[in-house]
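Asks: So here's start-v4.pdb, just PDB, C-alpha atoms, pLDDT in the B column:
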ATOM      1  CA  MET A   1       0.000   0.000   0.000  1.00 90.00           C
ATOM      2  CA  ALA A   2       1.336   3.417  -0.936  1.00 92.00           C
ATOM      3  CA  PHE A   3       0.077   6.727   0.442  1.00 95.00           C
ATOM      4  CA  GLU A   4       0.948  10.318  -0.363  1.00 97.00           C
ATOM      5  CA  ALA A   5      -0.179  13.605   1.128  1.00 98.00           C
ATOM      6  CA  GLY A   6       0.814  16.938  -0.337  1.00 98.00           C
ATOM      7  CA  TRP A   7       0.467  20.677   0.060  1.00 98.00           C
ATOM      8  CA  ASP A   8       1.398  23.359  -2.452  1.00 97.00           C
ATOM      9  CA  HIS A   9       1.231  27.079  -1.790  1.00 97.00           C
ATOM     10  CA  VAL A  10       1.381  29.604  -4.633  1.00 95.00           C
ATOM     11  CA  LYS A  11       1.882  33.355  -4.385  1.00 96.00           C
ATOM     12  CA  ASN A  12       1.769  35.092  -7.761  1.00 95.00           C
ATOM     13  CA  GLU A  13       2.620  38.753  -7.354  1.00 95.00           C
ATOM     14  CA  ARG A  14       2.339  39.533 -11.074  1.00 95.00           C
ATOM     15  CA  GLU A  15      -1.277  38.342 -11.391  1.00 92.00           C
ATOM     16  CA  LYS A  16      -2.100  39.171  -7.738  1.00 93.00           C
ATOM     17  CA  PHE A  17      -3.348  35.862  -6.377  1.00 93.00           C
ATOM     18  CA  GLU A  18      -2.300  33.479  -3.625  1.00 96.00           C
ATOM     19  CA  GLY A  19      -3.602  30.138  -2.423  1.00 97.00           C
ATOM     20  CA  SER A  20      -3.009  26.548  -1.382  1.00 98.00           C
ATOM     21  CA  LEU A  21      -3.792  23.135  -2.844  1.00 97.00           C
ATOM     22  CA  TYR A  22      -3.944  19.981  -0.709  1.00 98.00           C
ATOM     23  CA  LYS A  23      -4.009  16.394  -1.983  1.00 98.00           C
ATOM     24  CA  LEU A  24      -4.315  12.875  -0.635  1.00 98.00           C
ATOM     25  CA  THR A  25      -3.489   9.774  -2.693  1.00 98.00           C
ATOM     26  CA  ILE A  26      -3.921   6.119  -1.796  1.00 98.00           C
ATOM     27  CA  ALA A  27      -2.545   3.375  -4.029  1.00 97.00           C
ATOM     28  CA  PRO A  28      -2.814  -0.366  -3.379  1.00 96.00           C
ATOM     29  CA  GLN A  29      -0.050  -2.083  -5.332  1.00 93.00           C
ATOM     30  CA  LEU A  30       1.306  -5.444  -6.378  1.00 93.00           C
ATOM     31  CA  GLN A  31       5.010  -5.950  -6.858  1.00 91.00           C
ATOM     32  CA  TYR A  32       7.329  -8.810  -7.670  1.00 85.00           C
ATOM     33  CA  ASP A  33       9.876  -8.081  -4.918  1.00 83.00           C
ATOM     34  CA  ASN A  34       8.729  -6.918  -1.472  1.00 80.00           C
ATOM     35  CA  LYS A  35      11.517  -4.314  -1.134  1.00 82.00           C
ATOM     36  CA  PHE A  36      11.052  -0.525  -1.298  1.00 80.00           C
ATOM     37  CA  PHE A  37      12.653  -0.295  -4.750  1.00 82.00           C
ATOM     38  CA  GLY A  38      11.353  -3.714  -5.866  1.00 84.00           C
ATOM     39  CA  ARG A  39      10.173  -3.697  -9.489  1.00 90.00           C
ATOM     40  CA  PRO A  40       8.071  -4.337 -11.496  1.00 93.00           C
ATOM     41  CA  VAL A  41       5.078  -2.866  -9.707  1.00 93.00           C
ATOM     42  CA  ILE A  42       1.504  -2.195 -10.766  1.00 95.00           C
ATOM     43  CA  ARG A  43      -0.743   0.069  -8.713  1.00 95.00           C
ATOM     44  CA  LEU A  44      -4.241   1.427  -8.704  1.00 98.00           C
ATOM     45  CA  PHE A  45      -4.500   4.958  -7.376  1.00 98.00           C
ATOM     46  CA  ALA A  46      -7.140   7.396  -6.227  1.00 98.00           C
ATOM     47  CA  THR A  47      -6.376  11.049  -5.528  1.00 98.00           C
ATOM     48  CA  TYR A  48      -8.591  13.660  -3.890  1.00 98.00           C
ATOM     49  CA  ALA A  49      -7.548  17.321  -3.993  1.00 97.00           C
ATOM     50  CA  PHE A  50      -9.025  20.562  -2.743  1.00 97.00           C
ATOM     51  CA  TRP A  51      -7.867  24.149  -3.103  1.00 97.00           C
ATOM     52  CA  ASP A  52      -8.608  27.696  -2.034  1.00 97.00           C
ATOM     53  CA  ASP A  53     -11.293  29.804  -3.729  1.00 96.00           C
ATOM     54  CA  SER A  54      -8.547  32.124  -4.985  1.00 95.00           C
ATOM     55  CA  LEU A  55      -7.280  29.289  -7.231  1.00 95.00           C
ATOM     56  CA  LYS A  56     -10.676  28.603  -8.825  1.00 94.00           C
ATOM     57  CA  GLY A  57     -10.231  28.351 -12.602  1.00 92.00           C
ATOM     58  CA  ARG A  58      -6.448  28.010 -12.282  1.00 92.00           C
ATOM     59  CA  ILE A  59      -6.260  24.280 -11.436  1.00 90.00           C
ATOM     60  CA  GLY A  60      -7.214  21.232 -13.492  1.00 87.00           C
ATOM     61  CA  GLY A  61      -8.048  22.913 -16.779  1.00 89.00           C
ATOM     62  CA  ASP A  62     -11.579  22.908 -18.190  1.00 91.00           C
ATOM     63  CA  ALA A  63     -12.612  19.804 -16.229  1.00 91.00           C
ATOM     64  CA  TYR A  64     -12.389  21.641 -12.890  1.00 92.00           C
ATOM     65  CA  ARG A  65     -13.128  25.219 -13.966  1.00 91.00           C
ATOM     66  CA  GLY A  66     -15.129  26.902 -11.226  1.00 92.00           C
ATOM     67  CA  GLU A  67     -14.435  24.065  -8.752  1.00 95.00           C
ATOM     68  CA  THR A  68     -12.493  23.985  -5.499  1.00 96.00           C
ATOM     69  CA  ARG A  69     -12.109  20.203  -5.277  1.00 97.00           C
ATOM     70  CA  GLY A  70     -11.689  17.210  -7.516  1.00 96.00           C
ATOM     71  CA  ALA A  71     -10.790  13.541  -7.735  1.00 96.00           C
ATOM     72  CA  ASN A  72      -8.825  11.369 -10.103  1.00 94.00           C
ATOM     73  CA  PHE A  73      -8.135   7.643 -10.330  1.00 97.00           C
ATOM     74  CA  GLY A  74      -6.201   5.298 -12.562  1.00 98.00           C
ATOM     75  CA  ILE A  75      -3.667   2.523 -12.937  1.00 98.00           C
ATOM     76  CA  GLN A  76       0.111   2.804 -13.165  1.00 95.00           C
ATOM     77  CA  ALA A  77       2.859   0.323 -13.994  1.00 95.00           C
ATOM     78  CA  GLU A  78       6.532   0.843 -13.219  1.00 93.00           C
ATOM     79  CA  THR A  79       9.681  -1.098 -14.014  1.00 91.00           C
ATOM     80  CA  TRP A  80      13.388  -0.567 -14.584  1.00 83.00           C
ATOM     81  CA  TRP A  81      16.333  -2.508 -15.906  1.00 77.00           C
TER      82      TRP A  81
END
Would you kindly transcribe this structure into structure tokens?
Replies:
Amino acid sequence: MAFEAGWDHVKNEREKFEGSLYKLTIAPQLQYDNKFFGRPVIRLFATYAFWDDSLKGRIGGDAYRGETRGANFGIQAETWW
């Protein structure tokens, strides 16, 4: 199981806006080797994010225009050699 939490703060003096974005991601995963850097790995992920009103229309493109929160999910595979 992988988990990530994040916070990003932006202060744009040229366009006169400031705000924060917060995100939480959870990702159950399967991997060949049970070590931290064990590869290959395949994971499902789900991310939930929310941001300040001052960032409305500046995050997520057209899909989240006018919103202050959103979610995303998917599948990811990773390997190296």
Asks: Extending 6 Å beyond the listed atoms of stretch 58-74 of chain A on each side, what axis-aligned box results? I want centre and edge lengths in Å to one decimal, as JSON.
Replies:
{"center_x": -10.7, "center_y": 16.7, "center_z": -11.7, "size_x": 20.9, "size_y": 34.7, "size_z": 24.9}
Asks: Once the PyMOL selection byres ((chain A and resi 52) around 8) has been applied to the shown file, what residues remain in the selection, as a PDB file with C-alpha atoms, keeping the file's coordinate frame?
Replies:
ATOM      1  CA  GLY A  19      -3.602  30.138  -2.423  1.00 97.00           C
ATOM      2  CA  SER A  20      -3.009  26.548  -1.382  1.00 98.00           C
ATOM      3  CA  LEU A  21      -3.792  23.135  -2.844  1.00 97.00           C
ATOM      4  CA  PHE A  50      -9.025  20.562  -2.743  1.00 97.00           C
ATOM      5  CA  TRP A  51      -7.867  24.149  -3.103  1.00 97.00           C
ATOM      6  CA  ASP A  53     -11.293  29.804  -3.729  1.00 96.00           C
ATOM      7  CA  SER A  54      -8.547  32.124  -4.985  1.00 95.00           C
ATOM      8  CA  LEU A  55      -7.280  29.289  -7.231  1.00 95.00           C
ATOM      9  CA  LYS A  56     -10.676  28.603  -8.825  1.00 94.00           C
ATOM     10  CA  THR A  68     -12.493  23.985  -5.499  1.00 96.00           C
TER      11      THR A  68
END
Asks: I'd like the contact shell of stretch 29-36 of chain A - 10 Å cut-off, only C-alpha atoms, skipping same-chain residues fewer than 2 positions apart - returned as JSON, numbers by chain.
Replies: {"A": [1, 2, 26, 27, 38, 39, 40, 41, 42, 43, 44, 45, 75, 76, 77, 78, 79]}
Asks: What is the atom CA of A:Gly66 to atom CA of A:Thr25 distance in Å?
Replies: 22.4 Å
Asks: Quick one: of A:Val10, A:Ala5, A:Leu24, A:Ala49, who's nearest to A:Arg69, counting all atoms listed in the file?
Replies: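 Closest to A:Arg69 of all the choices is A:Ala49.
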Asks: In Å, rounded to a single decimal, give me how far atom CA of A:Trp80 is from atom CA of A:Phe37.
Replies: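 These two atoms are separated by 9.9 Å.
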Asks: What separation in Å, quoted to one decimal, exists between atom CA of A:Asn12 and atom CA of A:Ala63?
Replies: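 That distance, rounded to one decimal, is 22.6 Å.
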